[in-house]
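So this block is work.cif, mmCIF, C-alpha atoms:
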```cif
data_run
loop_
_atom_site.label_atom_id
_atom_site.label_comp_id
_atom_site.auth_asym_id
_atom_site.auth_seq_id
_atom_site.Cartn_x
_atom_site.Cartn_y
_atom_site.Cartn_z
CA MET A 1 27.22 190.41 146.31
CA LYS A 2 29.57 191.73 149.00
CA LYS A 3 32.09 189.33 150.50
CA ASP A 4 31.88 189.11 154.29
CA ARG A 5 34.46 187.11 156.24
CA LYS A 6 32.43 187.34 159.45
CA LYS A 7 29.43 185.73 157.79
CA ASP A 8 31.78 183.19 156.18
CA PHE A 9 32.90 182.16 159.65
CA ILE A 10 29.38 182.04 161.11
CA TRP A 11 27.82 180.05 158.30
CA ASN A 12 30.79 177.72 157.87
CA THR A 13 30.58 176.93 161.60
CA ALA A 14 26.83 176.34 161.30
CA ALA A 15 27.41 173.99 158.36
CA GLY A 16 30.10 172.14 160.32
CA LEU A 17 27.81 171.73 163.32
CA ILE A 18 24.90 170.37 161.31
CA ASN A 19 27.26 168.09 159.39
CA ALA A 20 28.54 166.67 162.67
CA ALA A 21 25.05 166.40 164.17
CA GLU A 22 23.10 164.89 161.28
CA ALA A 23 23.78 161.24 162.14
CA VAL A 24 23.29 161.85 165.86
CA ILE A 25 19.93 163.57 165.48
CA MET A 26 18.55 161.16 162.89
CA SER A 27 19.63 158.14 164.97
CA MET A 28 17.92 159.61 168.04
CA ILE A 29 14.73 160.14 166.05
CA VAL A 30 14.73 156.56 164.77
CA THR A 31 15.47 155.13 168.22
CA ARG A 32 12.55 157.05 169.73
CA THR A 33 10.07 156.20 166.97
CA THR A 34 10.69 152.71 165.55
CA GLY A 35 13.35 151.33 167.88
CA LEU A 36 16.95 150.17 168.05
CA GLU A 37 16.71 147.73 165.15
CA ASP A 38 16.06 150.50 162.64
CA ALA A 39 18.69 152.64 164.37
CA GLY A 40 21.22 149.87 163.74
CA ILE A 41 20.31 149.84 160.05
CA LEU A 42 20.69 153.61 159.92
CA THR A 43 24.10 153.30 161.58
CA ILE A 44 25.44 151.02 158.85
CA ALA A 45 23.72 153.20 156.23
CA PHE A 46 25.63 156.25 157.44
CA ALA A 47 28.87 154.27 157.56
CA THR A 48 28.42 153.02 154.00
CA GLY A 49 27.20 156.38 152.70
CA ASN A 50 30.12 158.30 154.17
CA VAL A 51 32.72 155.94 152.70
CA LEU A 52 31.08 156.02 149.27
CA ARG A 53 30.83 159.82 149.51
CA THR A 54 34.64 159.97 149.54
CA ILE A 55 34.52 158.26 146.13
CA GLY A 56 31.90 160.73 144.90
CA ASN A 57 33.90 163.72 146.16
CA PHE A 58 37.19 162.13 145.03
CA GLY A 59 39.26 164.63 147.00
CA VAL A 60 38.40 167.38 144.53
CA ARG A 61 37.03 170.01 146.94
CA ASN A 62 40.26 171.07 148.64
CA TYR A 63 42.14 170.99 145.34
CA GLN A 64 39.42 173.02 143.61
CA VAL A 65 39.30 175.83 146.17
CA THR A 66 43.09 176.11 146.27
CA ASP A 67 43.43 176.19 142.47
CA VAL A 68 44.19 179.92 142.55
CA GLU A 69 46.05 179.70 139.24
CA ASN A 70 42.92 178.25 137.57
CA ARG A 71 44.73 175.28 136.08
CA PHE A 72 41.38 173.57 135.55
CA SER A 73 38.04 175.07 134.62
CA PHE A 74 34.84 174.77 136.63
CA ARG A 75 33.32 172.71 133.85
CA GLU A 76 36.19 170.22 134.09
CA TYR A 77 35.62 169.92 137.83
CA CYS A 78 31.91 169.34 137.14
CA ILE A 79 32.56 166.65 134.53
CA LEU A 80 34.93 164.78 136.83
CA ARG A 81 32.41 165.06 139.67
CA THR A 82 29.64 163.68 137.44
CA LEU A 83 31.78 160.65 136.65
CA THR A 84 32.81 160.01 140.26
CA VAL A 85 29.23 160.36 141.55
CA ALA A 86 28.08 157.87 138.90
CA VAL A 87 30.78 155.45 140.09
CA MET A 88 29.71 156.07 143.70
CA ILE A 89 26.09 155.14 142.95
CA LEU A 90 27.02 152.11 140.86
CA LEU A 91 29.38 150.78 143.53
CA GLY A 92 26.74 151.29 146.22
CA GLY A 93 24.05 149.59 144.14
CA GLY A 94 26.37 146.71 143.25
CA LEU A 95 27.41 146.19 146.87
CA LEU A 96 23.80 146.11 148.05
CA PHE A 97 22.80 143.75 145.20
CA PHE A 98 25.38 141.19 146.31
CA LYS A 99 24.42 141.68 149.97
CA VAL A 100 20.80 140.86 149.13
CA ARG A 101 21.80 137.94 146.88
CA ALA A 102 23.93 136.51 149.68
CA GLY A 103 21.07 136.85 152.17
CA ASP A 104 22.98 139.31 154.35
CA TYR A 105 20.51 142.15 153.77
CA SER A 106 16.77 142.22 153.45
CA LEU A 107 15.29 144.29 150.63
CA LEU A 108 14.11 146.91 153.14
CA LYS A 109 17.57 147.24 154.68
CA ALA A 110 19.14 147.54 151.23
CA ALA A 111 16.58 150.22 150.33
CA ASP A 112 17.39 152.20 153.49
CA VAL A 113 21.11 152.11 152.80
CA PHE A 114 20.70 152.98 149.11
CA LEU A 115 18.43 155.95 149.85
CA LEU A 116 21.03 157.40 152.20
CA ILE A 117 23.69 156.81 149.53
CA LEU A 118 21.54 158.83 147.12
CA ILE A 119 21.25 161.65 149.67
CA TYR A 120 25.04 161.71 149.90
CA ALA A 121 25.25 161.63 146.09
CA VAL A 122 23.27 164.89 146.02
CA GLU A 123 25.74 166.25 148.58
CA ALA A 124 28.66 165.24 146.37
CA VAL A 125 27.14 167.16 143.44
CA GLU A 126 26.46 170.14 145.70
CA ASP A 127 30.06 170.05 146.91
CA VAL A 128 31.54 171.01 143.54
CA VAL A 129 29.21 174.04 143.35
CA TRP A 130 30.14 174.99 146.90
CA GLY A 131 33.80 174.65 145.91
CA LYS A 132 33.23 177.14 143.08
CA TYR A 133 31.64 179.61 145.49
CA GLN A 134 34.47 179.26 148.01
CA HIS A 135 37.11 179.60 145.30
CA ASP A 136 35.55 182.91 144.26
CA GLY A 137 35.27 184.21 147.83
CA TYR A 138 31.67 183.32 148.67
CA LEU A 139 32.10 180.56 151.24
CA GLN A 140 29.04 181.67 153.20
CA VAL A 141 26.74 181.00 150.23
CA GLY A 142 27.87 177.38 149.91
CA ALA A 143 27.67 176.94 153.68
CA LYS A 144 24.07 178.21 153.65
CA LEU A 145 23.27 175.79 150.85
CA PHE A 146 24.65 172.89 152.89
CA PHE A 147 23.02 174.01 156.14
CA PHE A 148 19.51 174.53 154.80
CA ARG A 149 19.58 171.35 152.72
CA TRP A 150 20.46 169.23 155.74
CA ALA A 151 18.03 171.16 157.97
CA GLY A 152 15.30 170.34 155.45
CA ILE A 153 16.36 166.69 155.28
CA MET A 154 16.24 166.28 159.06
CA ALA A 155 12.92 168.12 159.43
CA VAL A 156 11.25 165.98 156.77
CA PHE A 157 12.86 162.82 158.13
CA ALA A 158 11.60 163.56 161.65
CA ALA A 159 8.08 164.27 160.39
CA GLY A 160 8.13 161.13 158.24
CA MET A 161 9.26 158.92 161.11
CA VAL A 162 6.62 160.30 163.49
CA LEU A 163 3.73 160.28 161.03
CA LEU A 164 4.53 157.25 158.86
CA GLN A 165 6.56 155.08 161.26
CA SER A 166 8.59 153.93 158.26
CA MET A 167 12.28 154.67 157.76
CA GLU A 168 12.09 153.80 154.05
CA LYS A 169 9.35 156.35 153.39
CA ALA A 170 11.01 158.98 155.58
CA LEU A 171 14.35 158.56 153.78
CA PHE A 172 12.68 158.67 150.36
CA ALA A 173 10.89 161.91 151.26
CA SER A 174 14.18 163.30 152.60
CA PHE A 175 15.93 162.41 149.34
CA LEU A 176 13.29 164.27 147.30
CA VAL A 177 13.55 167.30 149.60
CA SER A 178 17.36 167.18 149.32
CA ILE A 179 17.16 167.40 145.53
CA GLY A 180 14.54 170.14 145.64
CA ILE A 181 16.46 172.36 148.06
CA PHE A 182 19.72 171.86 146.18
CA VAL A 183 18.21 172.78 142.79
CA LEU A 184 16.30 175.82 144.06
CA MET A 185 19.05 177.25 146.24
CA THR A 186 21.72 176.68 143.59
CA PHE A 187 19.57 178.36 140.93
CA PHE A 188 18.95 181.49 143.00
CA SER A 189 22.41 181.70 144.59
CA TRP A 190 24.15 181.35 141.21
CA ARG A 191 22.04 184.17 139.77
CA MET A 192 22.76 186.29 142.84
CA ILE A 193 26.53 185.90 142.43
CA TYR A 194 27.12 185.49 138.71
CA GLY A 195 23.95 186.87 137.14
CA LYS A 196 21.82 185.03 134.60
CA GLY A 197 24.71 183.54 132.67
CA ILE A 198 25.79 179.95 133.06
CA SER A 199 29.50 179.23 133.36
CA ARG A 200 31.09 179.63 129.93
CA SER A 201 34.29 177.89 130.98
CA SER A 202 35.52 175.35 128.48
CA ALA A 203 36.51 171.76 129.14
CA ARG A 204 39.37 169.93 127.50
CA LYS A 205 39.19 166.15 127.49
CA GLU A 206 42.93 165.80 127.99
CA ASN A 207 42.67 167.69 131.29
CA LEU A 208 40.30 165.21 132.94
CA PRO A 209 42.81 162.35 133.46
CA ILE A 210 45.39 164.92 134.61
CA LEU A 211 42.95 166.33 137.17
CA ALA A 212 41.93 162.85 138.31
CA TRP A 213 45.56 161.90 138.82
CA GLU A 214 46.31 165.14 140.69
CA VAL A 215 43.52 164.59 143.22
CA PHE A 216 43.87 160.81 143.52
CA PRO A 217 46.15 160.95 146.62
CA LEU A 218 43.60 163.15 148.39
CA ALA A 219 40.80 160.79 147.39
CA LEU A 220 42.73 157.77 148.65
CA ILE A 221 43.52 159.41 152.00
CA ASN A 222 39.89 160.43 152.52
CA PHE A 223 38.65 156.97 151.60
CA LEU A 224 41.05 155.20 153.95
CA THR A 225 40.27 157.64 156.78
CA PHE A 226 36.53 157.00 156.63
CA TYR A 227 36.88 153.29 155.88
CA LEU A 228 39.20 152.61 158.82
CA SER A 229 37.05 154.64 161.22
CA ASN A 230 33.99 152.62 160.15
CA ALA A 231 35.71 149.23 159.83
CA PRO A 232 34.37 147.96 163.21
CA LYS A 233 30.80 148.64 162.03
CA TYR A 234 31.40 146.61 158.87
CA ALA A 235 32.84 143.80 160.98
CA LEU A 236 29.67 143.74 163.09
CA ASP A 237 27.29 144.09 160.14
CA GLY A 238 25.40 140.84 159.68
CA LYS A 239 27.21 139.21 162.60
CA VAL A 240 25.17 140.75 165.41
CA GLU A 241 21.63 142.00 165.88
CA GLU A 242 20.84 145.46 164.51
CA SER A 243 20.21 146.72 168.05
CA VAL A 244 23.81 145.87 168.98
CA GLN A 245 25.03 147.74 165.90
CA ALA A 246 22.99 150.74 167.02
CA CYS A 247 24.48 150.70 170.53
CA PHE A 248 27.98 150.40 169.11
CA GLY A 249 27.22 153.32 166.80
CA PHE A 250 26.22 155.44 169.78
CA VAL A 251 29.50 154.60 171.52
CA MET A 252 31.50 155.55 168.41
CA MET A 253 29.47 158.70 167.75
CA PRO A 254 31.70 161.23 169.61
CA VAL A 255 34.78 160.25 167.58
CA PHE A 256 32.76 160.39 164.36
CA VAL A 257 31.31 163.81 165.21
CA ILE A 258 34.68 165.33 166.09
CA ASN A 259 36.22 163.96 162.89
CA LEU A 260 33.47 165.44 160.72
CA PHE A 261 33.42 168.83 162.41
CA SER A 262 37.20 169.19 162.26
CA THR A 263 37.10 169.03 158.45
CA PHE A 264 35.19 172.32 158.42
CA LEU A 265 37.52 174.24 160.71
CA TYR A 266 40.29 174.82 158.18
CA GLN A 267 37.98 175.59 155.23
CA LEU A 268 38.14 179.32 155.94
CA THR A 269 41.90 179.47 155.48
CA LEU A 270 42.40 177.28 152.40
CA VAL A 271 42.13 179.99 149.75
CA ASP A 272 44.23 182.50 151.73
CA LEU A 273 46.95 179.90 152.30
CA SER A 274 46.99 179.06 148.60
CA VAL A 275 47.33 182.71 147.59
CA TYR A 276 50.14 183.18 150.13
CA TRP A 277 51.88 180.06 148.80
CA ARG A 278 51.69 181.35 145.24
CA GLU A 279 52.80 184.92 145.98
CA HIS A 280 55.81 184.05 148.14
CA ASP A 281 58.96 182.11 147.55
CA ARG A 282 57.79 178.55 148.20
CA LYS A 283 61.28 177.43 149.14
CA LYS A 284 61.22 179.75 152.17
CA ILE A 285 57.92 178.40 153.51
#
```

What do you get writing this file as structure tokens?
Amino acid sequence: MKKDRKKDFIWNTAAGLINAAEAVIMSMIVTRTTGLEDAGILTIAFATGNVLRTIGNFGVRNYQVTDVENRFSFREYCILRTLTVAVMILLGGGLLFFKVRAGDYSLLKAADVFLLILIYAVEAVEDVVWGKYQHDGYLQVGAKLFFFRWAGIMAVFAAGMVLLQSMEKALFASFLVSIGIFVLMTFFSWRMIYGKGISRSSARKENLPILAWEVFPLALINFLTFYLSNAPKYALDGKVEESVQACFGFVMMPVFVINLFSTFLYQLTLVDLSVYWREHDRKKI
């Protein structure tokens, strides 16, 4: 497959736009179909899902794509991502269990939040594959994977909300579609780039704690960034009506959208900057 920087730019921008718009569009759909109360639940679901996603991603992506010296193998990145995604799901499930036990959440609200956490868990798994593509010069392929998966999620979610009038069913259908698109597109894109072979890279157990320690500062920064930006929503959660949470979410949406989109803008330059850093005298930079 031929590398194309123009297509990298186009598809990375498209992925950034849909990433920034996903919460906006889905909240608008819910508001128009089942009302502000469900929109408020979706607002806190996005806030919780995004914070837990930083645990699932664990700051690995930027480190992975800038690992031009190949200190760690793709399999080691995958193993670490499997562990962090498992922790992400367990933490989300545990949090919701205690929320239900305490009477703060109904079972339906907990189900809505957990389903969105699962959708973000699929994204966290996808992210390590996308990182591999970007590392090897195929950013556009990973961007297409992200774009079409979220396009499918939003299309199914919209249809589910209109036809079923149930956010739980719409989110469950979206979760299934998310898995299906990820598996199919990864299967075909991997064969297109690397052929029929699966990655033969080895994994050394002693490298996993080293890798985890290397990326921990990035993980902590990402977690604090998303947690602090969503802290007002957590403060309101359970203290006000869901409709008030929805309105507050709409007010905060522009800041949230700009923050998400900005993370995509520098993706194009990460590998080039890393190569430049390695090939030149670092003390002069």

Query raised in the report: Using all atoms listed in the file, which of A:Val30, A:Leu218, A:Ala235, A:Met192 sits nearest A:Tyr138?
Result: A:Met192

Please provide as a PDB file with C-alpha atoms, in the coordinates of the input all residues within 10 Å of stretch 250-253 of chain A, with the sequence filter that same-chain residues fewer than 3 positions apart are discarded (counting only C-alpha atoms).
```pdb
ATOM      1  CA  ALA A  20      28.540 166.670 162.670  1.00  0.00           C
ATOM      2  CA  ALA A  21      25.050 166.400 164.170  1.00  0.00           C
ATOM      3  CA  ALA A  23      23.780 161.240 162.140  1.00  0.00           C
ATOM      4  CA  VAL A  24      23.290 161.850 165.860  1.00  0.00           C
ATOM      5  CA  SER A  27      19.630 158.140 164.970  1.00  0.00           C
ATOM      6  CA  MET A  28      17.920 159.610 168.040  1.00  0.00           C
ATOM      7  CA  ALA A  39      18.690 152.640 164.370  1.00  0.00           C
ATOM      8  CA  GLY A  40      21.220 149.870 163.740  1.00  0.00           C
ATOM      9  CA  THR A  43      24.100 153.300 161.580  1.00  0.00           C
ATOM     10  CA  SER A 229      37.050 154.640 161.220  1.00  0.00           C
ATOM     11  CA  ASN A 230      33.990 152.620 160.150  1.00  0.00           C
ATOM     12  CA  PRO A 232      34.370 147.960 163.210  1.00  0.00           C
ATOM     13  CA  LYS A 233      30.800 148.640 162.030  1.00  0.00           C
ATOM     14  CA  VAL A 244      23.810 145.870 168.980  1.00  0.00           C
ATOM     15  CA  GLN A 245      25.030 147.740 165.900  1.00  0.00           C
ATOM     16  CA  ALA A 246      22.990 150.740 167.020  1.00  0.00           C
ATOM     17  CA  CYS A 247      24.480 150.700 170.530  1.00  0.00           C
ATOM     18  CA  PHE A 256      32.760 160.390 164.360  1.00  0.00           C
ATOM     19  CA  VAL A 257      31.310 163.810 165.210  1.00  0.00           C
ATOM     20  CA  ILE A 258      34.680 165.330 166.090  1.00  0.00           C
ATOM     21  CA  ASN A 259      36.220 163.960 162.890  1.00  0.00           C
TER      22      ASN A 259
END
```

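Between A:Val129 and the residues A:Ala45, A:Val156, A:Ala14, A:Val141, the shortest atom-to-atom distance, using all atoms listed in the file, involves A:Val141.
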
**Report entry** Nearest-residue call for A:Val68, choices A:Ser106, A:Lys132, A:Thr48, A:Arg149, using only C-alpha atoms
**Finding:** A:Lys132

Report task. For A:Gly238, work out the shell of residues within 10 Å, counting all atoms listed in the file and skipping chain neighbours fewer than 4 positions away, then give it as a PyMOL selection string. Result -> chain A and resi 99+103-105+233-234+242+245

Those same residues - C-alpha atoms - I'd like them written as a CSV table (one decimal), in the coordinates of the input.
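Done, and the output landed in selection.csv:
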```csv
chain,number,residue,atom,x,y,z
A,99,LYS,CA,24.4,141.7,150.0
A,103,GLY,CA,21.1,136.8,152.2
A,104,ASP,CA,23.0,139.3,154.4
A,105,TYR,CA,20.5,142.2,153.8
A,233,LYS,CA,30.8,148.6,162.0
A,234,TYR,CA,31.4,146.6,158.9
A,242,GLU,CA,20.8,145.5,164.5
A,245,GLN,CA,25.0,147.7,165.9
```

Query raised in the report: Expanded to explicit residues, what is the PyMOL selection byres ((chain A and resi 111) around 10) for this file, as number ranges by chain?
Result: A: 45, 93, 96, 105-110, 112-117, 167-169, 171-172

How about saving the chosen residues, C-alpha atoms kept, as an mmCIF file, in the coordinates of the input?
```
data_model
loop_
_atom_site.group_PDB
_atom_site.id
_atom_site.type_symbol
_atom_site.label_atom_id
_atom_site.label_comp_id
_atom_site.auth_asym_id
_atom_site.auth_seq_id
_atom_site.Cartn_x
_atom_site.Cartn_y
_atom_site.Cartn_z
ATOM 1 C CA ALA A 45 23.720 153.200 156.230
ATOM 2 C CA GLY A 93 24.050 149.590 144.140
ATOM 3 C CA LEU A 96 23.800 146.110 148.050
ATOM 4 C CA TYR A 105 20.510 142.150 153.770
ATOM 5 C CA SER A 106 16.770 142.220 153.450
ATOM 6 C CA LEU A 107 15.290 144.290 150.630
ATOM 7 C CA LEU A 108 14.110 146.910 153.140
ATOM 8 C CA LYS A 109 17.570 147.240 154.680
ATOM 9 C CA ALA A 110 19.140 147.540 151.230
ATOM 10 C CA ASP A 112 17.390 152.200 153.490
ATOM 11 C CA VAL A 113 21.110 152.110 152.800
ATOM 12 C CA PHE A 114 20.700 152.980 149.110
ATOM 13 C CA LEU A 115 18.430 155.950 149.850
ATOM 14 C CA LEU A 116 21.030 157.400 152.200
ATOM 15 C CA ILE A 117 23.690 156.810 149.530
ATOM 16 C CA MET A 167 12.280 154.670 157.760
ATOM 17 C CA GLU A 168 12.090 153.800 154.050
ATOM 18 C CA LYS A 169 9.350 156.350 153.390
ATOM 19 C CA LEU A 171 14.350 158.560 153.780
ATOM 20 C CA PHE A 172 12.680 158.670 150.360
#
```

Query raised in the report: In Å, how far is it from atom CA of A:Gly195 to atom CA of A:Phe148?
Result: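 Between atom CA of A:Gly195 and atom CA of A:Phe148 the gap is 22.0 Å.
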